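Below is one structure, written out as structure tokens, with a few remarks after it.
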Amino acid sequence: MSVFLLNEPTPFVEALKHFLAKLTQPSAMTTAEWREIDADIRRQAFFSAQTELEALLQKYRVIIESIANPTTGMSKDRESKINPSGFVTSGYDPASARLEIKKFLNTSGFQPEEGIRGTLLDLSSDARIDLVIKTNVQLAHGAGRFVQQNQDQDVVDAWPALELMRFEERKEPRDWPHRWMLACQVAGDAVSAGILGGTGRMVALKSSDVWQQLGDGAGGFDDTLGNPYPPFAFASGMWTVELDRREAEELGLLQAGEKAEPAGFDLSKLFSTPEEIAA
């Protein structure tokens, strides 16, 4: 069981393809204002709240693509007993990515306003840079896995459900079981709500609307990202894993022999530009 967080390459083409389809959108809009934009269009826009510097967003694109799609070569000075061919993977890591953005902003003459230095509102703060890079890499990974999990009926039949689990600890973790129950109520998924009550586990079929409701912040949460795949909210530390058919049937999500359905989502939208979606 594993989840891509930041310091590993994204292992499939769907994630990179989704990221490259995004259109760079410099804007002064706040996170709250971006939430008012149609979810399909927002999903395919590459933006950062209150960031009007297009050159900065383009720099982020280069870094995120490098992390998502690192290149591999050979180097004599990397040859060893365990690596006799001297294979080396090039690309940004969290520290070098942060330094590159800071250097760019410094060269551009950027200075944060008084009172926001070091906060998430400061474009040059470690916290802001880390959040932008990590969130976008995870969004690409989440979208790529979402496609893989739902595009093939054989995969859906064999692995029909998902479980929401914690993969990163937080000093003050959000109450995800509470969010899950609210999402189940809005989605009308009584079975998944019952499983939470009986086992404490947050599981649902891939076809359940609970995933979209979780991403939409059912219950009034304003830190979510509007997607039916993780990360469902900024810096949540939560991710999903697939459950096989046997476990899904044991939990009561499916009856024996019942056909499993994929997520009710047009996967092609993940590879469309905002203009194509709006057309």
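In the structure tokens, chains take the letters A, B, ... in the order shown, each chain's residues start at 1, and ligands count up from 1 in the order shown.
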
Please provide as an mmCIF file with N, CA and C atoms, in the first residue's frame all residues within 8 Å of range 92-105 of chain A, with the sequence filter that same-chain residues fewer than 6 positions apart are discarded (counting only C-alpha atoms).
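Listing of around-v8.cif after writing:
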data_model
loop_
_atom_site.group_PDB
_atom_site.id
_atom_site.type_symbol
_atom_site.label_atom_id
_atom_site.label_comp_id
_atom_site.auth_asym_id
_atom_site.auth_seq_id
_atom_site.Cartn_x
_atom_site.Cartn_y
_atom_site.Cartn_z
ATOM 1 N N LEU A 6 5.102 13.435 -2.795
ATOM 2 C CA LEU A 6 5.842 14.491 -3.480
ATOM 3 C C LEU A 6 7.177 14.001 -4.007
ATOM 4 N N ASN A 7 7.887 13.190 -3.241
ATOM 5 C CA ASN A 7 9.272 12.894 -3.576
ATOM 6 C C ASN A 7 9.443 11.601 -4.362
ATOM 7 N N LEU A 56 5.614 33.234 -13.196
ATOM 8 C CA LEU A 56 5.769 32.396 -11.998
ATOM 9 C C LEU A 56 5.017 31.087 -12.165
ATOM 10 N N LYS A 59 6.919 28.849 -14.421
ATOM 11 C CA LYS A 59 8.045 28.239 -13.703
ATOM 12 C C LYS A 59 7.562 27.057 -12.870
ATOM 13 N N TYR A 60 6.432 27.226 -12.211
ATOM 14 C CA TYR A 60 5.845 26.115 -11.462
ATOM 15 C C TYR A 60 5.525 24.945 -12.395
ATOM 16 N N ILE A 63 8.600 22.889 -13.117
ATOM 17 C CA ILE A 63 9.021 22.127 -11.945
ATOM 18 C C ILE A 63 8.101 20.943 -11.710
ATOM 19 N N SER A 66 8.604 18.238 -14.205
ATOM 20 C CA SER A 66 9.852 17.531 -13.932
ATOM 21 C C SER A 66 9.669 16.500 -12.828
ATOM 22 N N ILE A 67 8.913 16.865 -11.805
ATOM 23 C CA ILE A 67 8.671 15.930 -10.710
ATOM 24 C C ILE A 67 7.793 14.774 -11.183
ATOM 25 N N SER A 124 6.437 33.951 -1.754
ATOM 26 C CA SER A 124 7.816 33.485 -1.610
ATOM 27 C C SER A 124 8.046 32.650 -0.354
ATOM 28 N N ASP A 126 8.089 29.486 2.252
ATOM 29 C CA ASP A 126 8.256 28.036 2.109
ATOM 30 C C ASP A 126 6.909 27.335 2.117
ATOM 31 N N ILE A 129 5.032 27.891 -1.289
ATOM 32 C CA ILE A 129 5.673 27.175 -2.389
ATOM 33 C C ILE A 129 5.454 25.674 -2.256
ATOM 34 N N ASP A 130 5.658 25.148 -1.053
ATOM 35 C CA ASP A 130 5.466 23.710 -0.837
ATOM 36 C C ASP A 130 4.028 23.297 -1.120
#

Running DSSP on the backbone, which parts of range 45-264 of chain A land in strand (DSSP E), as a ChimeraX atom specification? /A:45-46,71-74,87-90,161-166,202-205,238-243

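Distances from A:Ala68, A:Ala260, A:Met238, A:Leu20 to Val137 in chain A were compared using only C-alpha atoms, and the smallest one belongs to A:Ala68.
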
With distances taken over only C-alpha atoms, which of A:Phe167, A:Phe19, A:Phe265, A:Phe221 is nearest to Ser236 in chain A? A:Phe167

Any idea what's packed within 10 Å of range 148-159 of chain A, counting only C-alpha atoms, ignoring anything in its chain fewer than 5 positions away? Could you give it as a ChimeraX atom specification? /A:12,14-15,142-143,205-207,241-248,257-267

Save the residues we just selected, N, CA and C atoms, as a PDB file, in the first residue's frame?
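Okay, this is what ended up in result.pdb:
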ATOM      1  N   PHE A  12       2.663   6.956 -14.164  1.00  0.00           N
ATOM      2  CA  PHE A  12       1.854   6.618 -15.317  1.00  0.00           C
ATOM      3  C   PHE A  12       1.561   7.845 -16.163  1.00  0.00           C
ATOM      4  N   GLU A  14      -1.151   8.879 -17.660  1.00  0.00           N
ATOM      5  CA  GLU A  14      -2.407   9.614 -17.500  1.00  0.00           C
ATOM      6  C   GLU A  14      -2.242  10.849 -16.626  1.00  0.00           C
ATOM      7  N   ALA A  15      -1.417  10.733 -15.575  1.00  0.00           N
ATOM      8  CA  ALA A  15      -1.216  11.863 -14.672  1.00  0.00           C
ATOM      9  C   ALA A  15      -0.547  13.025 -15.393  1.00  0.00           C
ATOM     10  N   GLY A 142      -3.628  11.957  -8.481  1.00  0.00           N
ATOM     11  CA  GLY A 142      -4.989  11.519  -8.165  1.00  0.00           C
ATOM     12  C   GLY A 142      -5.833  11.348  -9.409  1.00  0.00           C
ATOM     13  N   ALA A 143      -5.704  12.288 -10.353  1.00  0.00           N
ATOM     14  CA  ALA A 143      -6.460  12.192 -11.599  1.00  0.00           C
ATOM     15  C   ALA A 143      -6.016  10.990 -12.420  1.00  0.00           C
ATOM     16  N   LEU A 205     -18.329   2.232  -3.022  1.00  0.00           N
ATOM     17  CA  LEU A 205     -18.104   1.800  -4.391  1.00  0.00           C
ATOM     18  C   LEU A 205     -17.514   2.957  -5.203  1.00  0.00           C
ATOM     19  N   LYS A 206     -16.766   2.629  -6.243  1.00  0.00           N
ATOM     20  CA  LYS A 206     -16.232   3.657  -7.130  1.00  0.00           C
ATOM     21  C   LYS A 206     -17.365   4.473  -7.756  1.00  0.00           C
ATOM     22  N   SER A 207     -18.503   3.831  -7.950  1.00  0.00           N
ATOM     23  CA  SER A 207     -19.646   4.494  -8.584  1.00  0.00           C
ATOM     24  C   SER A 207     -20.429   5.387  -7.636  1.00  0.00           C
ATOM     25  N   VAL A 241      -7.301   3.830  -1.371  1.00  0.00           N
ATOM     26  CA  VAL A 241      -6.763   2.563  -1.859  1.00  0.00           C
ATOM     27  C   VAL A 241      -7.930   1.736  -2.389  1.00  0.00           C
ATOM     28  N   GLU A 242      -7.653   0.891  -3.372  1.00  0.00           N
ATOM     29  CA  GLU A 242      -8.708   0.061  -3.957  1.00  0.00           C
ATOM     30  C   GLU A 242      -8.992  -1.148  -3.080  1.00  0.00           C
ATOM     31  N   LEU A 243     -10.251  -1.578  -3.054  1.00  0.00           N
ATOM     32  CA  LEU A 243     -10.667  -2.788  -2.359  1.00  0.00           C
ATOM     33  C   LEU A 243     -11.105  -3.807  -3.386  1.00  0.00           C
ATOM     34  N   ASP A 244     -10.691  -5.068  -3.185  1.00  0.00           N
ATOM     35  CA  ASP A 244     -11.058  -6.097  -4.153  1.00  0.00           C
ATOM     36  C   ASP A 244     -12.514  -6.524  -3.970  1.00  0.00           C
ATOM     37  N   ARG A 245     -13.002  -7.289  -4.917  1.00  0.00           N
ATOM     38  CA  ARG A 245     -14.410  -7.658  -4.939  1.00  0.00           C
ATOM     39  C   ARG A 245     -14.801  -8.469  -3.700  1.00  0.00           C
ATOM     40  N   ARG A 246     -13.935  -9.380  -3.278  1.00  0.00           N
ATOM     41  CA  ARG A 246     -14.267 -10.211  -2.119  1.00  0.00           C
ATOM     42  C   ARG A 246     -14.562  -9.336  -0.906  1.00  0.00           C
ATOM     43  N   GLU A 247     -13.684  -8.361  -0.640  1.00  0.00           N
ATOM     44  CA  GLU A 247     -13.892  -7.504   0.530  1.00  0.00           C
ATOM     45  C   GLU A 247     -15.111  -6.606   0.344  1.00  0.00           C
ATOM     46  N   ALA A 248     -15.316  -6.130  -0.867  1.00  0.00           N
ATOM     47  CA  ALA A 248     -16.486  -5.284  -1.132  1.00  0.00           C
ATOM     48  C   ALA A 248     -17.776  -6.044  -0.865  1.00  0.00           C
ATOM     49  N   GLY A 257     -21.863 -11.715  -7.566  1.00  0.00           N
ATOM     50  CA  GLY A 257     -22.229 -11.733  -8.976  1.00  0.00           C
ATOM     51  C   GLY A 257     -22.790 -10.430  -9.512  1.00  0.00           C
ATOM     52  N   GLU A 258     -23.027  -9.454  -8.646  1.00  0.00           N
ATOM     53  CA  GLU A 258     -23.574  -8.174  -9.088  1.00  0.00           C
ATOM     54  C   GLU A 258     -22.530  -7.397  -9.893  1.00  0.00           C
ATOM     55  N   LYS A 259     -22.951  -6.787 -10.985  1.00  0.00           N
ATOM     56  CA  LYS A 259     -22.031  -6.027 -11.817  1.00  0.00           C
ATOM     57  C   LYS A 259     -21.606  -4.747 -11.100  1.00  0.00           C
ATOM     58  N   ALA A 260     -20.304  -4.501 -11.097  1.00  0.00           N
ATOM     59  CA  ALA A 260     -19.780  -3.270 -10.518  1.00  0.00           C
ATOM     60  C   ALA A 260     -19.744  -2.182 -11.580  1.00  0.00           C
ATOM     61  N   GLU A 261     -20.008  -0.954 -11.169  1.00  0.00           N
ATOM     62  CA  GLU A 261     -20.028   0.167 -12.103  1.00  0.00           C
ATOM     63  C   GLU A 261     -18.870   1.119 -11.819  1.00  0.00           C
ATOM     64  N   PRO A 262     -18.339   1.762 -12.858  1.00  0.00           N
ATOM     65  CA  PRO A 262     -17.285   2.758 -12.646  1.00  0.00           C
ATOM     66  C   PRO A 262     -17.874   4.071 -12.140  1.00  0.00           C
ATOM     67  N   ALA A 263     -17.013   5.004 -11.837  1.00  0.00           N
ATOM     68  CA  ALA A 263     -17.467   6.330 -11.418  1.00  0.00           C
ATOM     69  C   ALA A 263     -18.263   6.976 -12.544  1.00  0.00           C
ATOM     70  N   GLY A 264     -19.337   7.656 -12.188  1.00  0.00           N
ATOM     71  CA  GLY A 264     -20.152   8.340 -13.185  1.00  0.00           C
ATOM     72  C   GLY A 264     -19.536   9.671 -13.558  1.00  0.00           C
ATOM     73  N   PHE A 265     -18.428   9.614 -14.257  1.00  0.00           N
ATOM     74  CA  PHE A 265     -17.648  10.818 -14.565  1.00  0.00           C
ATOM     75  C   PHE A 265     -17.085  10.662 -15.969  1.00  0.00           C
ATOM     76  N   ASP A 266     -17.158  11.717 -16.769  1.00  0.00           N
ATOM     77  CA  ASP A 266     -16.604  11.689 -18.127  1.00  0.00           C
ATOM     78  C   ASP A 266     -15.086  11.840 -18.033  1.00  0.00           C
ATOM     79  N   LEU A 267     -14.374  10.705 -18.128  1.00  0.00           N
ATOM     80  CA  LEU A 267     -12.925  10.728 -17.955  1.00  0.00           C
ATOM     81  C   LEU A 267     -12.223  11.587 -18.998  1.00  0.00           C
TER      82      LEU A 267
END

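Among the candidates A:Ile133, A:Val210, A:Leu120, A:Met165, the one nearest to Gly188 in chain A when counting only C-alpha atoms is A:Val210.
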
Using only C-alpha atoms, can you tell me which of A:Gln213, A:Tyr229, A:Glu172, A:Leu251 comes closest to Thr199 in chain A? A:Leu251

Just the residues within 12 Å of Glu33 in chain A, please, counting only C-alpha atoms, with nothing from its chain fewer than 5 positions along; format it as a VMD selection string. chain A and resid 27 to 28 38 42 48 to 50 222

Which residues in range 10-176 of chain A does DSSP call helix (DSSP H, G or I)? List them as a compact mmCIF listing (two decimals) with C-alpha atoms, in the first residue's frame.
# COMPACT_ATOMS: atom_id res chain seq x y z
CA VAL A 13 1.18 8.64 -18.42
CA GLU A 14 -2.41 9.61 -17.50
CA ALA A 15 -1.22 11.86 -14.67
CA LEU A 16 1.21 13.77 -16.88
CA LYS A 17 -1.31 13.98 -19.72
CA HIS A 18 -3.88 15.48 -17.37
CA PHE A 19 -1.43 18.06 -16.05
CA LEU A 20 -0.23 19.08 -19.53
CA ALA A 21 -3.84 19.65 -20.65
CA THR A 31 -9.42 30.55 -3.26
CA ALA A 32 -13.04 31.30 -2.35
CA GLU A 33 -13.60 33.10 -5.65
CA TRP A 34 -12.05 30.22 -7.62
CA ALA A 39 -15.72 22.63 -11.42
CA ASP A 40 -14.91 21.16 -14.85
CA ILE A 41 -13.23 24.37 -15.97
CA ARG A 42 -11.45 24.88 -12.66
CA ARG A 43 -10.15 21.31 -12.78
CA GLU A 54 2.13 34.29 -15.44
CA ALA A 55 5.89 33.76 -15.55
CA LEU A 56 5.77 32.40 -12.00
CA LEU A 57 3.03 29.94 -12.92
CA GLN A 58 5.04 28.85 -15.96
CA LYS A 59 8.05 28.24 -13.70
CA TYR A 60 5.84 26.12 -11.46
CA ARG A 61 4.67 24.16 -14.53
CA VAL A 62 8.25 23.27 -15.48
CA ILE A 63 9.02 22.13 -11.94
CA ILE A 64 5.84 20.08 -11.52
CA GLU A 65 6.29 18.41 -14.90
CA SER A 66 9.85 17.53 -13.93
CA ILE A 67 8.67 15.93 -10.71
CA ALA A 68 5.85 14.09 -12.47
CA LYS A 76 30.06 7.35 -14.90
CA ASP A 77 30.36 8.88 -11.45
CA ARG A 78 27.16 7.14 -10.34
CA PRO A 94 11.22 19.38 -2.77
CA ALA A 95 14.29 21.35 -1.65
CA SER A 96 15.59 22.20 -5.13
CA ALA A 97 12.07 23.06 -6.34
CA ARG A 98 11.58 25.49 -3.46
CA LEU A 99 14.98 27.09 -4.07
CA GLU A 100 14.24 27.53 -7.79
CA ILE A 101 10.99 29.38 -7.09
CA LYS A 102 12.65 31.58 -4.48
CA LYS A 103 15.47 32.44 -6.91
CA PHE A 104 12.94 33.31 -9.59
CA LEU A 105 10.95 35.60 -7.29
CA ASN A 106 14.11 37.27 -6.01
CA THR A 107 15.33 37.92 -9.56
CA ASP A 126 8.26 28.04 2.11
CA ALA A 127 4.73 27.12 3.17
CA ARG A 128 3.16 28.66 0.05
CA ILE A 129 5.67 27.17 -2.39
CA ASP A 130 5.47 23.71 -0.84
CA LEU A 131 1.66 23.80 -0.90
CA VAL A 132 1.47 24.82 -4.56
CA ILE A 133 3.91 22.17 -5.74
CA LYS A 134 2.67 19.35 -3.56
CA THR A 135 -1.01 20.00 -4.23
CA ASN A 136 -0.54 20.09 -8.00
CA VAL A 137 1.64 16.99 -8.12
CA GLN A 138 -0.89 15.14 -6.00
CA LEU A 139 -3.78 16.37 -8.16
CA ALA A 140 -2.04 14.99 -11.25
CA HIS A 141 -1.44 11.71 -9.49
CA GLY A 142 -4.99 11.52 -8.16
CA ALA A 143 -6.46 12.19 -11.60
CA GLY A 144 -4.19 9.62 -13.23
CA ARG A 145 -5.11 6.92 -10.74
CA PHE A 146 -8.78 7.84 -11.10
CA VAL A 147 -8.56 7.13 -14.84
CA GLN A 148 -6.75 3.85 -14.27
CA GLN A 149 -9.28 2.76 -11.67
CA ASN A 150 -12.34 3.46 -13.82
CA GLN A 153 -14.56 -2.73 -16.79
CA ASP A 154 -12.41 -5.72 -15.80
CA VAL A 155 -10.53 -3.54 -13.31
CA VAL A 156 -13.80 -2.17 -11.94
CA ASP A 157 -15.24 -5.69 -11.53
CA ALA A 158 -12.11 -6.94 -9.75
CA TRP A 176 -12.74 12.98 8.16

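We find CA of Pro173 in chain A and CA of Gly194 in chain A to be spaced 22.9 Å apart.
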
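Computed from the coordinates, the CA of Leu214 in chain A to CA of Pro228 in chain A distance equals 7.3 Å.
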